[in-house]
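With CSV, C-alpha atoms inside, this is model-v3.csv:
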```csv
chain,number,residue,atom,x,y,z
N,1,MET,CA,16.4,-44.7,-90.7
N,2,LEU,CA,13.2,-44.8,-88.7
N,3,GLY,CA,12.3,-42.5,-85.8
N,4,GLY,CA,11.9,-43.7,-82.2
N,5,GLU,CA,8.1,-43.4,-82.4
N,6,ILE,CA,8.1,-47.0,-83.8
N,7,LEU,CA,9.0,-48.2,-80.3
N,8,ARG,CA,5.6,-46.9,-78.9
N,9,GLY,CA,6.2,-47.1,-75.2
N,10,ASN,CA,8.9,-49.8,-75.4
N,11,THR,CA,11.8,-47.4,-75.1
N,12,GLU,CA,12.1,-48.2,-71.4
N,13,THR,CA,12.1,-52.0,-72.1
N,14,VAL,CA,14.9,-51.6,-74.7
N,15,ILE,CA,17.0,-49.5,-72.2
N,16,LEU,CA,16.4,-52.2,-69.5
N,17,ARG,CA,17.7,-54.8,-72.0
N,18,CYS,CA,20.8,-52.7,-72.7
N,19,LEU,CA,21.4,-52.3,-68.9
N,20,SER,CA,20.9,-56.0,-68.3
N,21,ASN,CA,24.2,-56.5,-70.1
N,22,GLY,CA,25.9,-54.1,-67.8
N,23,ASP,CA,26.0,-50.5,-66.6
N,24,SER,CA,26.0,-47.9,-69.3
N,25,TYR,CA,25.6,-44.2,-70.1
N,26,GLY,CA,23.4,-42.1,-72.3
N,27,TYR,CA,25.4,-42.0,-75.5
N,28,GLU,CA,26.2,-45.7,-75.4
N,29,ILE,CA,22.6,-46.5,-74.9
N,30,SER,CA,21.5,-44.4,-77.8
N,31,LYS,CA,24.1,-46.2,-80.0
N,32,PHE,CA,22.6,-49.5,-78.7
N,33,PHE,CA,19.3,-48.6,-80.3
N,34,VAL,CA,21.0,-48.0,-83.6
N,35,SER,CA,23.3,-51.1,-83.5
N,36,GLU,CA,20.6,-53.6,-82.2
N,37,SER,CA,18.2,-52.4,-84.9
N,38,ASP,CA,20.7,-52.9,-87.7
N,39,ASN,CA,20.8,-49.1,-88.2
N,40,GLN,CA,17.0,-49.1,-88.6
N,41,ILE,CA,16.0,-47.0,-85.6
N,42,GLU,CA,17.4,-43.8,-84.2
N,43,VAL,CA,16.1,-42.4,-81.0
N,44,LYS,CA,16.5,-38.8,-80.0
N,45,ASP,CA,18.6,-38.1,-76.9
N,46,ALA,CA,15.7,-36.2,-75.3
N,47,THR,CA,13.5,-39.3,-75.6
N,48,ILE,CA,16.2,-41.4,-73.9
N,49,TYR,CA,16.7,-38.9,-71.1
N,50,GLN,CA,13.0,-38.6,-70.4
N,51,ALA,CA,12.8,-42.3,-70.2
N,52,PHE,CA,15.8,-42.3,-67.8
N,53,ARG,CA,14.0,-39.8,-65.5
N,54,ARG,CA,10.8,-41.8,-65.5
N,55,MET,CA,12.6,-45.0,-64.8
N,56,GLU,CA,14.7,-43.5,-62.0
N,57,LYS,CA,11.4,-42.2,-60.5
N,58,ASP,CA,9.9,-45.7,-60.7
N,59,GLU,CA,13.1,-47.2,-59.2
N,60,LEU,CA,13.8,-49.4,-62.3
N,61,ILE,CA,17.3,-47.9,-62.7
N,62,GLU,CA,19.8,-46.0,-60.6
N,63,ALA,CA,22.3,-43.4,-61.7
N,64,TYR,CA,25.8,-42.7,-60.5
N,65,TRP,CA,28.8,-40.6,-61.7
N,66,GLY,CA,31.7,-42.6,-62.9
N,67,ASP,CA,34.9,-42.3,-65.0
N,68,GLY,CA,34.8,-43.4,-68.6
N,69,VAL,CA,37.5,-45.2,-70.5
N,70,LEU,CA,39.3,-42.0,-71.4
N,71,GLY,CA,38.8,-40.5,-68.0
N,72,ALA,CA,35.7,-38.4,-68.9
N,73,ARG,CA,33.2,-38.0,-66.1
N,74,ARG,CA,29.9,-39.7,-67.1
N,75,ARG,CA,26.6,-40.4,-65.6
N,76,TYR,CA,26.1,-44.2,-65.6
N,77,TYR,CA,22.9,-46.1,-65.2
N,78,LYS,CA,22.4,-49.4,-63.5
N,79,ILE,CA,19.4,-51.7,-63.6
N,80,THR,CA,17.8,-52.4,-60.1
N,81,ASP,CA,16.2,-55.7,-58.9
N,82,LYS,CA,12.8,-54.1,-59.5
N,83,GLY,CA,14.0,-53.2,-63.0
N,84,LYS,CA,15.1,-56.8,-63.7
N,85,LYS,CA,11.7,-58.1,-62.7
N,86,PHE,CA,10.0,-55.4,-64.7
N,87,TYR,CA,12.1,-56.3,-67.8
N,88,ILE,CA,11.2,-60.1,-67.5
N,89,GLN,CA,7.5,-59.1,-67.2
N,90,LYS,CA,7.7,-56.8,-70.2
N,91,GLN,CA,9.5,-59.6,-72.2
N,92,GLU,CA,6.5,-61.9,-71.6
N,93,GLU,CA,4.0,-59.2,-72.4
N,94,TRP,CA,5.8,-58.5,-75.7
N,95,LYS,CA,5.8,-62.2,-76.6
N,96,GLN,CA,2.1,-62.3,-76.1
N,97,THR,CA,1.5,-59.1,-78.0
N,98,LYS,CA,3.7,-60.2,-80.9
N,99,LYS,CA,1.9,-63.5,-81.2
N,100,ILE,CA,-1.5,-61.8,-81.3
N,101,LEU,CA,-0.5,-59.1,-83.7
N,102,ASP,CA,1.2,-61.7,-86.0
N,103,SER,CA,-2.1,-63.6,-86.0
N,104,LEU,CA,-4.1,-60.5,-86.8
N,105,ILE,CA,-1.8,-58.8,-89.3
N,106,ILE,CA,-0.1,-61.7,-91.1
N,107,GLY,CA,-2.5,-64.5,-90.4
N,108,GLY,CA,-1.9,-68.1,-91.4
N,109,LYS,CA,-2.8,-69.9,-88.1
S,1,MET,CA,33.3,-27.0,-80.7
S,2,LYS,CA,33.5,-27.7,-77.0
S,3,GLU,CA,32.9,-24.0,-76.2
S,4,ARG,CA,30.0,-23.7,-78.7
S,5,PHE,CA,28.3,-26.7,-77.0
S,6,LYS,CA,28.8,-25.1,-73.6
S,7,ARG,CA,27.4,-21.7,-74.8
S,8,TYR,CA,24.4,-23.5,-76.3
S,9,LEU,CA,23.7,-25.4,-73.2
S,10,GLU,CA,24.2,-22.3,-71.0
S,11,ARG,CA,21.7,-20.5,-73.1
S,12,GLU,CA,19.1,-23.3,-72.9
S,13,PHE,CA,19.5,-24.0,-69.2
S,14,LYS,CA,19.0,-20.3,-68.4
S,15,ARG,CA,15.3,-21.0,-68.9
S,16,ILE,CA,15.2,-23.0,-65.6
S,17,ALA,CA,16.6,-22.5,-62.0
S,18,PRO,CA,20.2,-23.7,-61.5
S,19,THR,CA,19.4,-26.7,-59.3
S,20,LYS,CA,22.0,-29.4,-58.6
S,21,GLU,CA,19.9,-31.9,-60.5
S,22,ALA,CA,19.5,-29.6,-63.6
S,23,MET,CA,23.3,-28.9,-63.6
S,24,GLU,CA,24.0,-32.6,-63.5
S,25,TYR,CA,21.7,-33.1,-66.4
S,26,ARG,CA,23.4,-30.3,-68.3
S,27,GLU,CA,26.8,-32.0,-67.7
S,28,GLU,CA,25.3,-35.3,-68.9
S,29,VAL,CA,24.0,-33.7,-72.1
S,30,PHE,CA,27.3,-31.9,-72.7
S,31,ARG,CA,29.2,-35.2,-72.4
S,32,ASN,CA,26.8,-36.7,-74.8
S,33,LEU,CA,27.4,-33.9,-77.3
S,34,LEU,CA,31.1,-34.3,-77.1
S,35,ASP,CA,30.9,-38.1,-77.6
S,36,LYS,CA,28.7,-37.6,-80.6
S,37,SER,CA,30.9,-35.0,-82.2
S,38,GLN,CA,34.0,-37.2,-81.6
S,39,GLU,CA,32.3,-40.1,-83.4
S,40,LEU,CA,31.2,-37.9,-86.3
S,41,LYS,CA,34.9,-36.8,-86.7
S,42,ILE,CA,36.0,-40.4,-86.6
S,43,LYS,CA,33.5,-41.2,-89.3
S,44,GLY,CA,35.3,-38.6,-91.5
S,45,ILE,CA,33.0,-35.6,-91.3
S,46,GLU,CA,35.4,-32.6,-91.2
S,47,ASN,CA,33.0,-29.6,-91.5
S,48,GLU,CA,32.7,-28.3,-87.9
S,49,GLU,CA,29.4,-26.5,-88.6
S,50,MET,CA,27.8,-29.6,-89.9
S,51,ILE,CA,29.0,-31.6,-86.9
S,52,TYR,CA,27.6,-29.0,-84.5
S,53,GLU,CA,24.2,-28.9,-86.3
S,54,MET,CA,24.0,-32.7,-86.4
S,55,CYS,CA,24.8,-33.0,-82.7
S,56,ILE,CA,22.2,-30.4,-81.7
S,57,ASP,CA,19.6,-31.9,-84.0
S,58,ASP,CA,20.1,-35.3,-82.4
S,59,LEU,CA,19.4,-33.9,-79.0
S,60,GLY,CA,15.7,-33.6,-80.0
S,61,ASP,CA,13.2,-31.6,-77.9
S,62,PHE,CA,14.8,-31.6,-74.5
S,63,HIS,CA,12.7,-28.6,-73.3
S,64,ILE,CA,10.1,-31.0,-71.9
S,65,THR,CA,12.8,-32.5,-69.6
S,66,LEU,CA,13.9,-29.0,-68.7
S,67,GLN,CA,10.3,-28.1,-67.8
S,68,ASP,CA,10.1,-31.3,-65.7
S,69,PHE,CA,13.0,-30.0,-63.6
S,70,GLU,CA,11.3,-26.6,-63.2
S,71,ASN,CA,8.0,-28.2,-62.3
S,72,LYS,CA,9.7,-30.5,-59.7
S,73,ARG,CA,11.5,-27.6,-58.2
S,74,ILE,CA,8.3,-25.5,-57.8
S,75,GLU,CA,6.6,-28.6,-56.3
S,76,ILE,CA,9.4,-29.1,-53.8
S,77,LYS,CA,9.4,-25.4,-52.9
S,78,GLU,CA,5.6,-25.4,-52.4
S,79,THR,CA,5.7,-28.6,-50.3
S,80,ALA,CA,8.5,-27.1,-48.1
S,81,ARG,CA,6.6,-23.9,-47.7
S,82,LYS,CA,3.4,-25.7,-46.7
S,83,ALA,CA,5.3,-28.0,-44.3
S,84,GLY,CA,7.0,-24.9,-42.7
S,85,ILE,CA,3.7,-23.1,-42.2
S,86,THR,CA,2.1,-26.2,-40.7
S,87,ILE,CA,5.1,-26.8,-38.3
S,88,ILE,CA,5.1,-23.1,-37.2
S,89,PHE,CA,1.3,-23.2,-36.7
S,90,ALA,CA,1.4,-26.5,-34.7
S,91,ILE,CA,4.2,-25.2,-32.4
S,92,THR,CA,2.4,-21.9,-31.8
S,93,ALA,CA,-0.9,-23.7,-31.1
S,94,ILE,CA,0.8,-26.2,-28.7
S,95,LEU,CA,2.6,-23.4,-26.9
S,96,PHE,CA,-0.5,-21.2,-26.7
S,97,ILE,CA,-2.7,-24.0,-25.4
S,98,SER,CA,0.0,-25.1,-22.8
S,99,ILE,CA,0.5,-21.6,-21.6
S,100,GLY,CA,-3.3,-21.1,-21.4
S,101,TYR,CA,-3.7,-24.4,-19.5
S,102,LEU,CA,-1.0,-23.4,-17.0
S,103,ILE,CA,-2.4,-19.8,-16.4
S,104,ILE,CA,-6.0,-21.1,-15.9
S,105,SER,CA,-4.8,-23.9,-13.7
S,106,PHE,CA,-2.7,-21.7,-11.5
S,107,LEU,CA,-5.4,-19.0,-11.2
S,108,THR,CA,-8.3,-21.4,-10.5
S,109,SER,CA,-6.4,-24.3,-8.9
S,110,ALA,CA,-8.8,-26.6,-10.7
S,111,TRP,CA,-6.1,-29.0,-11.9
S,112,SER,CA,-8.6,-31.9,-12.0
S,113,GLN,CA,-10.7,-30.1,-14.6
S,114,THR,CA,-8.4,-27.9,-16.6
S,115,TRP,CA,-6.8,-30.8,-18.5
S,116,LEU,CA,-10.0,-30.8,-20.5
S,117,ILE,CA,-8.5,-27.9,-22.4
S,118,PHE,CA,-6.3,-30.4,-24.2
S,119,VAL,CA,-9.3,-32.6,-25.0
S,120,LEU,CA,-11.1,-29.5,-26.5
S,121,ALA,CA,-7.9,-28.6,-28.3
S,122,ILE,CA,-7.8,-32.0,-30.0
S,123,LEU,CA,-11.5,-31.7,-30.8
S,124,ALA,CA,-10.9,-28.2,-32.4
S,125,PHE,CA,-7.9,-29.7,-34.4
S,126,ILE,CA,-10.0,-32.5,-35.8
S,127,VAL,CA,-13.0,-30.3,-36.6
S,128,VAL,CA,-10.7,-27.7,-38.3
S,129,LEU,CA,-8.8,-30.3,-40.2
S,130,SER,CA,-12.1,-32.0,-41.3
S,131,SER,CA,-13.6,-28.6,-42.5
S,132,ILE,CA,-10.4,-27.9,-44.5
S,133,ARG,CA,-10.1,-31.4,-46.0
S,134,ILE,CA,-13.7,-32.3,-46.7
S,135,PRO,CA,-14.5,-29.7,-49.3
S,136,LYS,CA,-11.3,-30.8,-51.3
S,137,LEU,CA,-12.2,-34.5,-50.9
S,138,LEU,CA,-15.8,-33.7,-52.1
S,139,LYS,CA,-14.4,-32.3,-55.3
S,140,GLU,CA,-12.3,-35.4,-55.8
S,141,ASN,CA,-15.3,-37.7,-54.9
S,142,LYS,CA,-13.3,-39.4,-52.2
S,143,PHE,CA,-16.3,-40.3,-50.1
S,144,ILE,CA,-14.7,-43.1,-48.0
S,145,ILE,CA,-12.1,-40.7,-46.6
S,146,ILE,CA,-14.8,-38.1,-46.0
S,147,LYS,CA,-16.7,-40.7,-44.0
S,148,LEU,CA,-13.6,-41.4,-41.9
S,149,TYR,CA,-13.1,-37.7,-41.2
S,150,VAL,CA,-16.8,-37.3,-40.2
S,151,LEU,CA,-16.8,-40.4,-38.0
S,152,ALA,CA,-13.6,-39.2,-36.2
S,153,SER,CA,-15.2,-35.8,-35.7
S,154,ILE,CA,-18.4,-37.2,-34.3
S,155,ALA,CA,-16.5,-39.6,-32.0
S,156,MET,CA,-14.3,-36.7,-30.7
S,157,VAL,CA,-17.3,-34.4,-30.2
S,158,THR,CA,-19.1,-37.2,-28.2
S,159,VAL,CA,-16.0,-37.8,-26.0
S,160,SER,CA,-15.6,-34.1,-25.4
S,161,ILE,CA,-19.2,-33.5,-24.5
S,162,TYR,CA,-19.2,-36.6,-22.2
S,163,LEU,CA,-16.0,-35.5,-20.4
S,164,CYS,CA,-17.1,-31.8,-20.1
S,165,MET,CA,-20.6,-32.7,-18.8
S,166,LEU,CA,-19.1,-35.3,-16.3
S,167,MET,CA,-16.2,-33.2,-15.0
S,168,LEU,CA,-17.7,-29.7,-15.1
S,169,PHE,CA,-21.4,-30.1,-14.5
S,170,THR,CA,-21.7,-33.7,-13.2
S,171,VAL,CA,-24.7,-34.3,-15.3
S,172,PRO,CA,-26.4,-37.6,-14.6
S,173,LEU,CA,-26.8,-40.3,-17.3
S,174,VAL,CA,-24.3,-38.3,-19.4
S,175,TRP,CA,-23.0,-41.7,-20.7
S,176,LEU,CA,-26.1,-41.8,-22.8
S,177,ALA,CA,-24.1,-39.6,-25.2
S,178,PHE,CA,-22.4,-42.8,-26.3
S,179,LEU,CA,-25.8,-44.3,-27.3
S,180,VAL,CA,-26.6,-41.2,-29.3
S,181,MET,CA,-23.3,-41.3,-31.1
S,182,PRO,CA,-24.0,-44.3,-33.3
S,183,MET,CA,-27.3,-42.7,-34.4
S,184,ILE,CA,-25.5,-39.5,-35.5
S,185,MET,CA,-22.7,-41.5,-37.1
S,186,THR,CA,-25.1,-43.6,-39.2
S,187,LEU,CA,-27.1,-40.5,-40.1
S,188,ALA,CA,-23.9,-38.8,-41.3
S,189,LEU,CA,-22.9,-41.8,-43.4
S,190,THR,CA,-26.4,-41.9,-45.0
S,191,VAL,CA,-26.2,-38.2,-45.8
S,192,ILE,CA,-22.7,-38.5,-47.4
S,193,SER,CA,-23.9,-41.6,-49.4
S,194,LEU,CA,-26.9,-39.7,-50.7
S,195,ILE,CA,-24.8,-36.6,-51.6
S,196,GLY,CA,-22.3,-38.9,-53.5
S,197,ASP,CA,-25.2,-41.0,-54.9
S,198,SER,CA,-23.3,-44.0,-53.6
S,199,LYS,CA,-24.4,-47.6,-54.2
S,200,MET,CA,-24.3,-48.0,-50.4
S,201,LYS,CA,-27.0,-45.3,-49.8
S,202,TYR,CA,-29.9,-47.7,-49.2
S,203,ILE,CA,-27.7,-49.9,-47.0
S,204,ASP,CA,-26.5,-46.8,-45.0
S,205,LEU,CA,-30.2,-45.7,-44.7
S,206,ALA,CA,-31.2,-49.1,-43.4
S,207,ALA,CA,-28.3,-49.1,-40.9
S,208,PHE,CA,-29.4,-45.6,-39.8
S,209,ILE,CA,-33.1,-46.7,-39.3
S,210,MET,CA,-32.2,-49.9,-37.4
S,211,THR,CA,-29.5,-48.2,-35.2
S,212,THR,CA,-31.8,-45.2,-34.4
S,213,THR,CA,-35.0,-47.3,-33.6
S,214,SER,CA,-33.0,-49.8,-31.5
S,215,LEU,CA,-31.0,-47.2,-29.6
S,216,LEU,CA,-34.1,-44.9,-29.2
S,217,TYR,CA,-35.9,-47.9,-27.6
S,218,VAL,CA,-33.0,-48.4,-25.1
S,219,ILE,CA,-32.6,-44.6,-24.4
S,220,LEU,CA,-36.3,-44.0,-23.9
S,221,GLY,CA,-36.5,-47.1,-21.8
S,222,ILE,CA,-33.7,-46.0,-19.5
S,223,LEU,CA,-35.3,-42.5,-19.2
S,224,ASP,CA,-38.7,-44.2,-18.4
S,225,VAL,CA,-40.3,-42.4,-21.3
S,226,ILE,CA,-41.7,-45.6,-22.7
S,227,GLU,CA,-42.5,-49.0,-21.2
S,228,TRP,CA,-40.0,-51.8,-21.8
S,229,SER,CA,-42.9,-54.2,-22.3
S,230,TRP,CA,-44.2,-52.5,-25.5
S,231,GLY,CA,-41.2,-50.3,-26.4
S,232,TRP,CA,-39.7,-53.2,-28.4
S,233,LEU,CA,-42.3,-52.4,-31.1
S,234,LEU,CA,-40.0,-49.4,-32.0
S,235,PRO,CA,-37.2,-51.6,-33.4
S,236,VAL,CA,-39.9,-53.8,-35.1
S,237,PHE,CA,-41.2,-50.6,-36.7
S,238,GLY,CA,-37.6,-50.0,-37.8
S,239,VAL,CA,-37.5,-53.5,-39.5
S,240,PHE,CA,-40.7,-52.6,-41.2
S,241,LEU,CA,-39.2,-49.3,-42.4
S,242,VAL,CA,-36.1,-51.0,-43.7
S,243,LEU,CA,-38.2,-53.5,-45.7
S,244,LEU,CA,-40.2,-50.6,-47.1
S,245,VAL,CA,-37.0,-48.9,-48.2
S,246,PHE,CA,-35.7,-52.0,-49.9
S,247,ALA,CA,-39.1,-52.6,-51.6
S,248,ILE,CA,-39.1,-49.0,-52.9
S,249,GLN,CA,-35.6,-49.5,-54.2
S,250,ILE,CA,-36.6,-52.7,-56.1
S,251,ILE,CA,-39.6,-50.9,-57.6
S,252,ILE,CA,-37.4,-47.9,-58.7
S,253,TYR,CA,-34.8,-50.4,-60.1
S,254,LYS,CA,-37.4,-52.3,-62.1
S,255,LYS,CA,-39.1,-49.1,-63.4
S,256,ASN,CA,-35.7,-47.7,-64.6
S,257,LYS,CA,-34.9,-51.0,-66.3
S,258,ILE,CA,-38.3,-51.0,-68.1
S,259,SER,CA,-37.9,-47.4,-69.1
S,260,SER,CA,-34.3,-48.1,-70.3
S,261,ASN,CA,-35.6,-51.1,-72.4
S,262,ASP,CA,-38.3,-48.8,-73.8
S,263,ASP,CA,-35.7,-46.3,-74.9
S,264,ILE,CA,-33.6,-49.0,-76.5
S,265,ASP,CA,-36.7,-50.3,-78.4
S,266,LYS,CA,-37.6,-46.7,-79.5
S,267,ILE,CA,-34.0,-46.1,-80.8
S,268,SER,CA,-34.1,-49.5,-82.5
S,269,ASN,CA,-37.4,-48.7,-84.2
S,270,GLU,CA,-36.1,-45.4,-85.4
S,271,ASN,CA,-32.9,-47.0,-86.7
S,272,GLU,CA,-35.0,-49.7,-88.4
S,273,LYS,CA,-37.0,-47.0,-90.1
S,274,PHE,CA,-33.8,-45.4,-91.3
S,275,TYR,CA,-32.2,-48.6,-92.6
S,276,THR,CA,-35.3,-49.6,-94.5
S,277,GLN,CA,-36.2,-46.2,-95.9
S,278,TRP,CA,-35.5,-45.9,-99.7
S,279,LYS,CA,-35.9,-42.9,-102.0
S,280,GLU,CA,-37.4,-45.0,-104.8
```
File written out as structure tokens:
Amino acid sequence: MLGGEILRGNTETVILRCLSNGDSYGYEISKFFVSESDNQIEVKDATIYQAFRRMEKDELIEAYWGDGVLGARRRYYKITDKGKKFYIQKQEEWKQTKKILDSLIIGGK
Amino acid sequence: MKERFKRYLEREFKRIAPTKEAMEYREEVFRNLLDKSQELKIKGIENEEMIYEMCIDDLGDFHITLQDFENKRIEIKETARKAGITIIFAITAILFISIGYLIISFLTSAWSQTWLIFVLAILAFIVVLSSIRIPKLLKENKFIIIKLYVLASIAMVTVSIYLCMLMLFTVPLVWLAFLVMPMIMTLALTVISLIGDSKMKYIDLAAFIMTTTSLLYVILGILDVIEWSWGWLLPVFGVFLVLLVFAIQIIIYKKNKISSNDDIDKISNENEKFYTQWKE
């Protein structure tokens, strides 16, 4: 399993993608990284929490306390309108980056 | 297991102040550890020690986040302290000035003039604020804000001088202070641009020369120091000076460009020598 460093500044975008599907909490989001990468990437909790704090500060997400399925009190995160716009923008940027890097690294134009 | 996680987090969070935010974060991390340990048990891992170690390891280095909490707390405390001091100082100053104004007014009965105390107080405030802020702004190279502070100070000084001279000493032609003000302002802007080596320095200098020569012509004309009929030569002299400034600037620019090209040629020649030099 690879470390989170492969994401290189895209941790926030992945979290935003996860939250676009609905509100979620820390542990569920860390599992999202593992499941969506077919068990290829594992991100440390500290990395995710630091991303949460940055994103809350930038008003991309909002946090609230809620009750989980088994009644456990959890801190949930919700994507804001600003976060949704930012996510769309990041998606476009990524498409461009991927295209350029494919041309440079794989070639075969 | 639950108690071990609690003890671990208690130990770690003792490094920072127990703020509401930090405690919420602790609870969040605790809940995360419980979720993770539960999942490992479901996956079939029975060794409690192994589960504990795996959960703690997965946390990663969360000390940076803890330090963020501490830094934010210190920052908030410092901001609150500064705001408190500022408010106390402002209230004390307003009270002191108001009491002074009332005492002097009652003693002298010069109510038509004592209100100038408030004008002078505003002047003092702007000057003190500028003298505190400008050195900091200089370090940060924020010359535009410095210019605004200086312009506000000059405007306030002019208004204060004008009002004091008019109300206290009834000096004639005191309104001329407002003609002197633009000269001082453009001079100050030029000095700031020169200190900051701004690209605007020659434009500021030109503005200063034109403003000064034009307004000097008007002021000296009003004061009957020079004749209106030939005094206009003063602004014309200003135009000549401005053209001279721009000509010097062009010469310096061209000279620097030639010198820079010479340097490039010199380096290129040296490089060429290096590339073409062989031992045999």
Please report as CSV every residue of chain N lying within 9 Å of chain S, along with the nearest atom pair and their distance in Å (one decimal), using only C-alpha atoms.
```
residue,atom,partner,partner_atom,distance
N:Tyr25,CA,S:Asn32,CA,8.9
N:Gly26,CA,S:Asn32,CA,6.9
N:Tyr27,CA,S:Asn32,CA,5.5
N:Val43,CA,S:Asp58,CA,8.3
N:Lys44,CA,S:Gly60,CA,5.3
N:Asp45,CA,S:Leu59,CA,4.8
N:Ala46,CA,S:Phe62,CA,4.8
N:Thr47,CA,S:Gly60,CA,7.5
N:Tyr49,CA,S:Thr65,CA,7.6
N:Gln50,CA,S:Thr65,CA,6.2
N:Arg53,CA,S:Thr65,CA,8.5
N:Ala72,CA,S:Arg31,CA,8.0
N:Arg73,CA,S:Arg31,CA,8.0
N:Arg74,CA,S:Glu28,CA,6.6
N:Arg75,CA,S:Glu28,CA,6.2
```
Saved selection, atoms kept: C-alpha atoms, as a compact mmCIF listing (two decimals), keeping the file's coordinate frame:
```
# COMPACT_ATOMS: atom_id res chain seq x y z
CA TYR N 25 25.60 -44.20 -70.10
CA GLY N 26 23.40 -42.10 -72.30
CA TYR N 27 25.40 -42.00 -75.50
CA VAL N 43 16.10 -42.40 -81.00
CA LYS N 44 16.50 -38.80 -80.00
CA ASP N 45 18.60 -38.10 -76.90
CA ALA N 46 15.70 -36.20 -75.30
CA THR N 47 13.50 -39.30 -75.60
CA TYR N 49 16.70 -38.90 -71.10
CA GLN N 50 13.00 -38.60 -70.40
CA ARG N 53 14.00 -39.80 -65.50
CA ALA N 72 35.70 -38.40 -68.90
CA ARG N 73 33.20 -38.00 -66.10
CA ARG N 74 29.90 -39.70 -67.10
CA ARG N 75 26.60 -40.40 -65.60
```
*Have a look at S:Leu168, S:Leu138, S:Leu243, S:Val150 and name the one nearest to Leu189 (chain S); count only C-alpha atoms.*
S:Val150
*Nearest to Asp58 (chain N) by atom-to-atom distance, counting only C-alpha atoms, from N:Gln96, N:Ile41, N:Gly83, N:Tyr77*: N:Gly83
_Please compute the CA of Asp67 (chain N)-CA of Gly22 (chain N) distance, one decimal, in Å._
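Atom-to-atom, CA of Asp67 (chain N) to CA of Gly22 (chain N), that is 15.1 Å.
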*What separation in Å, quoted to one decimal, exists between CA of Met165 (chain S) and CA of Tyr101 (chain S)?*
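CA of Tyr101 (chain S) lies 18.8 Å from CA of Met165 (chain S).
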*From S:Ile251, S:Ile154, S:Leu163, S:Leu233, residue lying nearest Leu120 (chain S) [only C-alpha atoms]*: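 Of S:Ile251, S:Ile154, S:Leu163, S:Leu233, the one nearest Leu120 (chain S) is S:Leu163, counting only C-alpha atoms.
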Place N, CA and C atoms on region 95-108 of chain N and deliver the coordinates as a tab-separated table (two decimals), keeping the file's coordinate frame.
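Written file, out_7.tsv:
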```
chain	number	residue	atom	x	y	z
N	95	LYS	N	6.01	-60.97	-75.92
N	95	LYS	CA	5.80	-62.20	-76.60
N	95	LYS	C	4.36	-62.48	-76.97
N	96	GLN	N	3.53	-62.18	-75.97
N	96	GLN	CA	2.10	-62.30	-76.10
N	96	GLN	C	1.56	-61.39	-77.22
N	97	THR	N	1.98	-60.11	-77.09
N	97	THR	CA	1.50	-59.10	-78.00
N	97	THR	C	1.94	-59.44	-79.45
N	98	LYS	N	3.19	-59.87	-79.59
N	98	LYS	CA	3.70	-60.20	-80.90
N	98	LYS	C	2.92	-61.35	-81.55
N	99	LYS	N	2.62	-62.35	-80.71
N	99	LYS	CA	1.90	-63.50	-81.20
N	99	LYS	C	0.49	-63.07	-81.70
N	100	ILE	N	-0.19	-62.22	-80.89
N	100	ILE	CA	-1.50	-61.80	-81.30
N	100	ILE	C	-1.48	-60.93	-82.53
N	101	LEU	N	-0.54	-59.99	-82.57
N	101	LEU	CA	-0.50	-59.10	-83.70
N	101	LEU	C	-0.07	-59.88	-85.00
N	102	ASP	N	0.80	-60.88	-84.85
N	102	ASP	CA	1.20	-61.70	-86.00
N	102	ASP	C	-0.09	-62.41	-86.55
N	103	SER	N	-0.90	-62.95	-85.62
N	103	SER	CA	-2.10	-63.60	-86.00
N	103	SER	C	-3.07	-62.67	-86.76
N	104	LEU	N	-3.17	-61.45	-86.20
N	104	LEU	CA	-4.10	-60.50	-86.80
N	104	LEU	C	-3.62	-59.89	-88.07
N	105	ILE	N	-2.35	-59.56	-88.13
N	105	ILE	CA	-1.80	-58.80	-89.30
N	105	ILE	C	-1.37	-59.80	-90.41
N	106	ILE	N	-0.60	-60.83	-90.04
N	106	ILE	CA	-0.10	-61.70	-91.10
N	106	ILE	C	-1.03	-62.90	-91.33
N	107	GLY	N	-1.60	-63.40	-90.23
N	107	GLY	CA	-2.50	-64.50	-90.40
N	107	GLY	C	-1.81	-65.83	-90.53
N	108	GLY	N	-2.49	-66.84	-91.11
N	108	GLY	CA	-1.90	-68.10	-91.40
N	108	GLY	C	-1.70	-68.99	-90.15
```
